[in-house]
Each structure stands twice: as C-alpha cells, then as structure tokens.
$ cat final-v5.pdb   # PDB, C-alpha atoms
ATOM      1  CA  ALA V   1      13.380 -13.024   8.194  1.00  0.00           C
ATOM      2  CA  LEU V   2      12.988 -15.468   5.378  1.00  0.00           C
ATOM      3  CA  GLY V   3      16.161 -16.759   3.838  1.00  0.00           C
ATOM      4  CA  ALA V   4      17.372 -19.727   1.847  1.00  0.00           C
ATOM      5  CA  GLU V   5      16.692 -21.965   4.851  1.00  0.00           C
ATOM      6  CA  SER V   6      12.999 -21.035   4.587  1.00  0.00           C
ATOM      7  CA  ILE V   7      12.582 -22.506   1.132  1.00  0.00           C
ATOM      8  CA  ASP V   8      11.058 -25.951   1.029  1.00  0.00           C
ATOM      9  CA  ILE V   9      13.416 -27.793  -1.292  1.00  0.00           C
ATOM     10  CA  LYS V  10      11.087 -30.796  -1.477  1.00  0.00           C
ATOM     11  CA  GLY V  11       8.342 -28.554  -2.810  1.00  0.00           C
ATOM     12  CA  SER V  12       5.669 -29.655  -0.349  1.00  0.00           C
ATOM     13  CA  HIS V  13       4.936 -26.085   0.792  1.00  0.00           C
ATOM     14  CA  ALA V  14       4.466 -23.051  -1.419  1.00  0.00           C
ATOM     15  CA  LYS V  15       6.554 -20.001  -0.574  1.00  0.00           C
ATOM     16  CA  THR V  16       3.309 -18.149   0.138  1.00  0.00           C
ATOM     17  CA  SER V  17       2.452 -20.682   2.853  1.00  0.00           C
ATOM     18  CA  ILE V  18       5.899 -20.356   4.392  1.00  0.00           C
ATOM     19  CA  LEU V  19       5.603 -16.552   4.402  1.00  0.00           C
ATOM     20  CA  GLU V  20       2.113 -16.789   5.903  1.00  0.00           C
ATOM     21  CA  GLU V  21       3.315 -19.111   8.699  1.00  0.00           C
ATOM     22  CA  THR V  22       6.301 -16.858   9.431  1.00  0.00           C
ATOM     23  CA  LEU V  23       4.190 -13.698   9.605  1.00  0.00           C
ATOM     24  CA  LYS V  24       1.625 -15.377  11.858  1.00  0.00           C
ATOM     25  CA  SER V  25       4.319 -16.568  14.257  1.00  0.00           C
ATOM     26  CA  GLN V  26       6.122 -13.201  14.361  1.00  0.00           C
ATOM     27  CA  PHE V  27       2.963 -11.063  14.446  1.00  0.00           C
ATOM     28  CA  PRO V  28       0.279 -13.109  16.236  1.00  0.00           C
ATOM     29  CA  HIS V  29      -2.046 -10.094  16.510  1.00  0.00           C
ATOM     30  CA  ILE V  30      -2.571  -9.800  12.738  1.00  0.00           C
ATOM     31  CA  THR V  31      -5.084 -11.641  10.607  1.00  0.00           C
ATOM     32  CA  ILE V  32      -4.035 -13.007   7.249  1.00  0.00           C
ATOM     33  CA  ARG V  33      -7.143 -13.226   5.120  1.00  0.00           C
ATOM     34  CA  SER V  34      -5.642 -15.325   2.369  1.00  0.00           C
ATOM     35  CA  ALA V  35      -2.380 -16.368   0.793  1.00  0.00           C
ATOM     36  CA  HIS V  36      -2.371 -17.048  -2.924  1.00  0.00           C
ATOM     37  CA  SER V  37       0.417 -18.600  -4.952  1.00  0.00           C
ATOM     38  CA  GLU V  38      -1.242 -18.205  -8.337  1.00  0.00           C
ATOM     39  CA  LYS V  39      -1.135 -15.165 -10.632  1.00  0.00           C
ATOM     40  CA  TRP V  40      -2.808 -12.092  -9.186  1.00  0.00           C
ATOM     41  CA  GLU V  41      -5.008 -11.807 -12.292  1.00  0.00           C
ATOM     42  CA  ASN V  42      -6.475 -15.222 -11.445  1.00  0.00           C
ATOM     43  CA  VAL V  43      -7.103 -14.117  -7.856  1.00  0.00           C
ATOM     44  CA  LEU V  44      -8.877 -11.033  -9.206  1.00  0.00           C
ATOM     45  CA  VAL V  45     -11.317 -13.357 -10.998  1.00  0.00           C
ATOM     46  CA  THR V  46     -11.687 -16.114  -8.394  1.00  0.00           C
ATOM     47  CA  ASP V  47     -11.392 -14.126  -5.130  1.00  0.00           C
ATOM     48  CA  PRO V  48     -11.593 -10.365  -5.825  1.00  0.00           C
ATOM     49  CA  GLU V  49     -12.309  -9.634  -2.159  1.00  0.00           C
ATOM     50  CA  ALA V  50      -8.844 -10.948  -1.305  1.00  0.00           C
ATOM     51  CA  LEU V  51      -7.445  -7.972  -3.193  1.00  0.00           C
ATOM     52  CA  HIS V  52     -10.031  -5.249  -2.719  1.00  0.00           C
ATOM     53  CA  GLU V  53     -10.895  -5.816   0.947  1.00  0.00           C
ATOM     54  CA  SER V  54      -7.404  -6.304   2.368  1.00  0.00           C
ATOM     55  CA  ASP V  55      -5.583  -3.772   4.513  1.00  0.00           C
ATOM     56  CA  LEU V  56      -2.272  -4.621   2.855  1.00  0.00           C
ATOM     57  CA  ILE V  57      -1.196  -6.760  -0.083  1.00  0.00           C
ATOM     58  CA  ILE V  58       2.259  -8.306  -0.048  1.00  0.00           C
ATOM     59  CA  MET V  59       3.477  -9.071  -3.545  1.00  0.00           C
ATOM     60  CA  ALA V  60       6.812 -10.853  -3.529  1.00  0.00           C
ATOM     61  CA  THR V  61       6.898 -12.406  -6.962  1.00  0.00           C
ATOM     62  CA  GLY V  62      10.162 -11.039  -8.282  1.00  0.00           C
ATOM     63  CA  ASP V  63       8.284 -10.757 -11.585  1.00  0.00           C
ATOM     64  CA  TRP V  64       8.564  -7.167 -12.815  1.00  0.00           C
ATOM     65  CA  PRO V  65       5.881  -7.423 -15.538  1.00  0.00           C
ATOM     66  CA  ALA V  66       3.383  -8.905 -13.053  1.00  0.00           C
ATOM     67  CA  GLU V  67       4.201  -6.287 -10.411  1.00  0.00           C
ATOM     68  CA  ASN V  68       3.950  -3.493 -12.972  1.00  0.00           C
ATOM     69  CA  ALA V  69       0.561  -4.771 -14.156  1.00  0.00           C
ATOM     70  CA  MET V  70      -0.660  -4.985 -10.545  1.00  0.00           C
ATOM     71  CA  ASN V  71       0.533  -1.442  -9.869  1.00  0.00           C
ATOM     72  CA  LYS V  72      -1.254  -0.134 -12.977  1.00  0.00           C
ATOM     73  CA  TYR V  73      -4.423  -1.940 -11.902  1.00  0.00           C
ATOM     74  CA  MET V  74      -4.147  -0.489  -8.393  1.00  0.00           C
ATOM     75  CA  LEU V  75      -3.713   3.061  -9.716  1.00  0.00           C
ATOM     76  CA  ALA V  76      -6.781   2.708 -11.946  1.00  0.00           C
ATOM     77  CA  GLN V  77      -9.019   1.835  -8.966  1.00  0.00           C
ATOM     78  CA  LYS V  78     -10.964   4.395  -6.984  1.00  0.00           C
ATOM     79  CA  SER V  79      -9.938   2.678  -3.766  1.00  0.00           C
ATOM     80  CA  PHE V  80      -7.372  -0.076  -3.326  1.00  0.00           C
ATOM     81  CA  PRO V  81      -5.193  -1.252  -0.450  1.00  0.00           C
ATOM     82  CA  PRO V  82      -1.482  -0.444  -0.391  1.00  0.00           C
ATOM     83  CA  ILE V  83       0.883  -2.992  -1.889  1.00  0.00           C
ATOM     84  CA  LEU V  84       4.193  -3.962  -0.354  1.00  0.00           C
ATOM     85  CA  TYR V  85       6.515  -5.181  -3.099  1.00  0.00           C
ATOM     86  CA  GLY V  86       9.498  -7.232  -2.091  1.00  0.00           C
ATOM     87  CA  TRP V  87      11.966  -9.583  -3.665  1.00  0.00           C
ATOM     88  CA  ALA V  88      15.661 -10.309  -3.600  1.00  0.00           C
ATOM     89  CA  GLU V  89      18.035 -10.916  -6.430  1.00  0.00           C
ATOM     90  CA  ALA V  90      20.837 -13.412  -6.150  1.00  0.00           C
TER      91      ALA V  90
END
$ encode --input "final-v5.pdb" --output "structure tokens"
Amino acid sequence: ALGAESIDIKGSHAKTSILEETLKSQFPHITIRSAHSEKWENVLVTDPEALHESDLIIMATGDWPAENAMNKYMLAQKSFPPILYGWAEA
C-alpha cells in the first residue's frame, strides 16, 4: 500500500513513478504500458494509445473535475478500458 512514507518529499520522483514501481514490485506478472503525470487530456493528444489500448487505467488524481471529464469521455467512446479511480482525503 502507498502511504505518506511513499511520497518523495524532495520531489525527485513523481507520484506516478512511485505507484508504477510499487505495482511492478507487488505484481511482477503485469505489464505497465505507461505512467503519465500530466493531465489526461494532454495524454489523449500526445499518446492516445496509452488510454485506448490499455486493459485498465488507474486515475488517482484526487481532482473531481478531471475525473468527471475523463468519465464523460470514456462513456462517449464506443470501446474504452475500465478506469479505476482512487484517492484519499486527509
């Protein structure tokens, strides 16, 4: 599990990288295609395959408007991978 101790307080690693490393170590049989720390709308433009060709998207932004927009986009598509939303509130 990721907790406060997982956050890089010096800022040298993005939270997405830390999550990617943790998932790879706990689930060595899975393949993580990409991990993006920028807005999903930017990924849609620069790397649309990262969204459309994944088996699962993990969106842990804690940003309700961004998650809502992603969900609306997903529902408007003919085919789109499932999205796992997750975030914690202090």
$ resolve_selection --input "final-v5.pdb" --expression "the PyMOL selection byres ((chain V and resi 35-49) around 10)" --output "list in words"
Ala14, Lys15, Thr16, Ser17, Ile18, Leu19, Glu20, Ile32, Arg33, Ser34, Ala50, Leu51, His52, Glu53, Ser54, Ile57, Ile58, Met59, Thr61, Ala66, Glu67, Ala69, Met70 and Tyr73 of chain V
$ atom_distance --input "final-v5.pdb" --atom1 "CA of Ala60 in chain V" --atom2 "CA of Leu84 in chain V"
8.0 Å
$ atom_distance --input "final-v5.pdb" --atom1 "CA of Tyr85 in chain V" --atom2 "CA of Lys72 in chain V"
13.5 Å
$ closest_residue --input "final-v5.pdb" --among "V:Trp87, V:Ser25, V:Met74, V:Ser79" --to "Gly62 in chain V" --atoms "only C-alpha atoms"
V:Trp87
$ atom_distance --input "final-v5.pdb" --atom1 "CA of Asn71 in chain V" --atom2 "CA of Ile83 in chain V"
8.1 Å
$ build_atoms --input "final-v5.pdb" --residues "range 46-72 of chain V" --atoms "N, CA, C and O atoms" --output "JSON list (two decimals), in the frame of the given file"
[["chain", "number", "residue", "atom", "x", "y", "z"],
["V", 46, "THR", "N", -11.14, -15.09, -9.28],
["V", 46, "THR", "CA", -11.69, -16.11, -8.39],
["V", 46, "THR", "C", -11.98, -15.62, -6.98],
["V", 46, "THR", "O", -12.85, -16.17, -6.30],
["V", 47, "ASP", "N", -11.24, -14.61, -6.51],
["V", 47, "ASP", "CA", -11.39, -14.13, -5.13],
["V", 47, "ASP", "C", -11.10, -12.62, -5.08],
["V", 47, "ASP", "O", -10.17, -12.19, -4.41],
["V", 48, "PRO", "N", -11.89, -11.80, -5.76],
["V", 48, "PRO", "CA", -11.59, -10.36, -5.82],
["V", 48, "PRO", "C", -11.56, -9.69, -4.46],
["V", 48, "PRO", "O", -10.83, -8.73, -4.26],
["V", 49, "GLU", "N", -12.31, -10.21, -3.49],
["V", 49, "GLU", "CA", -12.31, -9.63, -2.16],
["V", 49, "GLU", "C", -10.93, -9.74, -1.51],
["V", 49, "GLU", "O", -10.55, -8.90, -0.70],
["V", 50, "ALA", "N", -10.19, -10.78, -1.86],
["V", 50, "ALA", "CA", -8.84, -10.95, -1.30],
["V", 50, "ALA", "C", -7.97, -9.75, -1.66],
["V", 50, "ALA", "O", -7.09, -9.38, -0.89],
["V", 51, "LEU", "N", -8.21, -9.15, -2.79],
["V", 51, "LEU", "CA", -7.44, -7.97, -3.19],
["V", 51, "LEU", "C", -8.10, -6.69, -2.71],
["V", 51, "LEU", "O", -7.45, -5.85, -2.08],
["V", 52, "HIS", "N", -9.37, -6.53, -2.97],
["V", 52, "HIS", "CA", -10.03, -5.25, -2.72],
["V", 52, "HIS", "C", -10.38, -4.98, -1.26],
["V", 52, "HIS", "O", -10.55, -3.83, -0.89],
["V", 53, "GLU", "N", -10.48, -6.01, -0.44],
["V", 53, "GLU", "CA", -10.90, -5.82, 0.95],
["V", 53, "GLU", "C", -9.77, -6.03, 1.95],
["V", 53, "GLU", "O", -10.01, -6.06, 3.15],
["V", 54, "SER", "N", -8.55, -6.13, 1.48],
["V", 54, "SER", "CA", -7.40, -6.30, 2.37],
["V", 54, "SER", "C", -6.93, -4.95, 2.88],
["V", 54, "SER", "O", -7.19, -3.91, 2.28],
["V", 55, "ASP", "N", -6.22, -4.98, 4.00],
["V", 55, "ASP", "CA", -5.58, -3.77, 4.51],
["V", 55, "ASP", "C", -4.21, -3.56, 3.87],
["V", 55, "ASP", "O", -3.73, -2.44, 3.77],
["V", 56, "LEU", "N", -3.60, -4.66, 3.46],
["V", 56, "LEU", "CA", -2.27, -4.62, 2.86],
["V", 56, "LEU", "C", -2.11, -5.85, 1.98],
["V", 56, "LEU", "O", -2.50, -6.95, 2.36],
["V", 57, "ILE", "N", -1.52, -5.65, 0.81],
["V", 57, "ILE", "CA", -1.20, -6.76, -0.08],
["V", 57, "ILE", "C", 0.32, -6.86, -0.12],
["V", 57, "ILE", "O", 1.01, -5.86, -0.32],
["V", 58, "ILE", "N", 0.82, -8.06, 0.08],
["V", 58, "ILE", "CA", 2.26, -8.31, -0.05],
["V", 58, "ILE", "C", 2.46, -9.06, -1.34],
["V", 58, "ILE", "O", 1.95, -10.15, -1.53],
["V", 59, "MET", "N", 3.20, -8.45, -2.25],
["V", 59, "MET", "CA", 3.48, -9.07, -3.54],
["V", 59, "MET", "C", 4.98, -9.28, -3.64],
["V", 59, "MET", "O", 5.73, -8.32, -3.79],
["V", 60, "ALA", "N", 5.39, -10.52, -3.54],
["V", 60, "ALA", "CA", 6.81, -10.85, -3.53],
["V", 60, "ALA", "C", 7.13, -11.85, -4.64],
["V", 60, "ALA", "O", 7.69, -12.91, -4.41],
["V", 61, "THR", "N", 6.75, -11.49, -5.83],
["V", 61, "THR", "CA", 6.90, -12.41, -6.96],
["V", 61, "THR", "C", 8.28, -12.36, -7.60],
["V", 61, "THR", "O", 8.74, -13.33, -8.16],
["V", 62, "GLY", "N", 8.91, -11.19, -7.56],
["V", 62, "GLY", "CA", 10.16, -11.04, -8.28],
["V", 62, "GLY", "C", 9.92, -11.01, -9.78],
["V", 62, "GLY", "O", 10.84, -11.20, -10.57],
["V", 63, "ASP", "N", 8.69, -10.76, -10.17],
["V", 63, "ASP", "CA", 8.28, -10.76, -11.58],
["V", 63, "ASP", "C", 7.87, -9.33, -11.95],
["V", 63, "ASP", "O", 6.75, -8.92, -11.68],
["V", 64, "TRP", "N", 8.81, -8.58, -12.52],
["V", 64, "TRP", "CA", 8.56, -7.17, -12.82],
["V", 64, "TRP", "C", 7.32, -6.94, -13.67],
["V", 64, "TRP", "O", 6.50, -6.08, -13.35],
["V", 65, "PRO", "N", 7.10, -7.67, -14.76],
["V", 65, "PRO", "CA", 5.88, -7.42, -15.54],
["V", 65, "PRO", "C", 4.59, -7.64, -14.72],
["V", 65, "PRO", "O", 3.65, -6.86, -14.84],
["V", 66, "ALA", "N", 4.57, -8.65, -13.88],
["V", 66, "ALA", "CA", 3.38, -8.90, -13.05],
["V", 66, "ALA", "C", 3.20, -7.79, -12.03],
["V", 66, "ALA", "O", 2.08, -7.32, -11.80],
["V", 67, "GLU", "N", 4.29, -7.36, -11.40],
["V", 67, "GLU", "CA", 4.20, -6.29, -10.41],
["V", 67, "GLU", "C", 3.79, -4.97, -11.06],
["V", 67, "GLU", "O", 3.00, -4.21, -10.51],
["V", 68, "ASN", "N", 4.31, -4.70, -12.24],
["V", 68, "ASN", "CA", 3.95, -3.49, -12.97],
["V", 68, "ASN", "C", 2.46, -3.51, -13.34],
["V", 68, "ASN", "O", 1.76, -2.50, -13.19],
["V", 69, "ALA", "N", 1.98, -4.66, -13.80],
["V", 69, "ALA", "CA", 0.56, -4.77, -14.16],
["V", 69, "ALA", "C", -0.32, -4.58, -12.92],
["V", 69, "ALA", "O", -1.35, -3.91, -12.98],
["V", 70, "MET", "N", 0.09, -5.15, -11.80],
["V", 70, "MET", "CA", -0.66, -4.99, -10.54],
["V", 70, "MET", "C", -0.68, -3.52, -10.13],
["V", 70, "MET", "O", -1.71, -2.99, -9.71],
["V", 71, "ASN", "N", 0.46, -2.85, -10.24],
["V", 71, "ASN", "CA", 0.53, -1.44, -9.87],
["V", 71, "ASN", "C", -0.37, -0.59, -10.77],
["V", 71, "ASN", "O", -1.07, 0.30, -10.28],
["V", 72, "LYS", "N", -0.37, -0.87, -12.06],
["V", 72, "LYS", "CA", -1.25, -0.13, -12.98],
["V", 72, "LYS", "C", -2.72, -0.38, -12.63],
["V", 72, "LYS", "O", -3.53, 0.55, -12.66]]
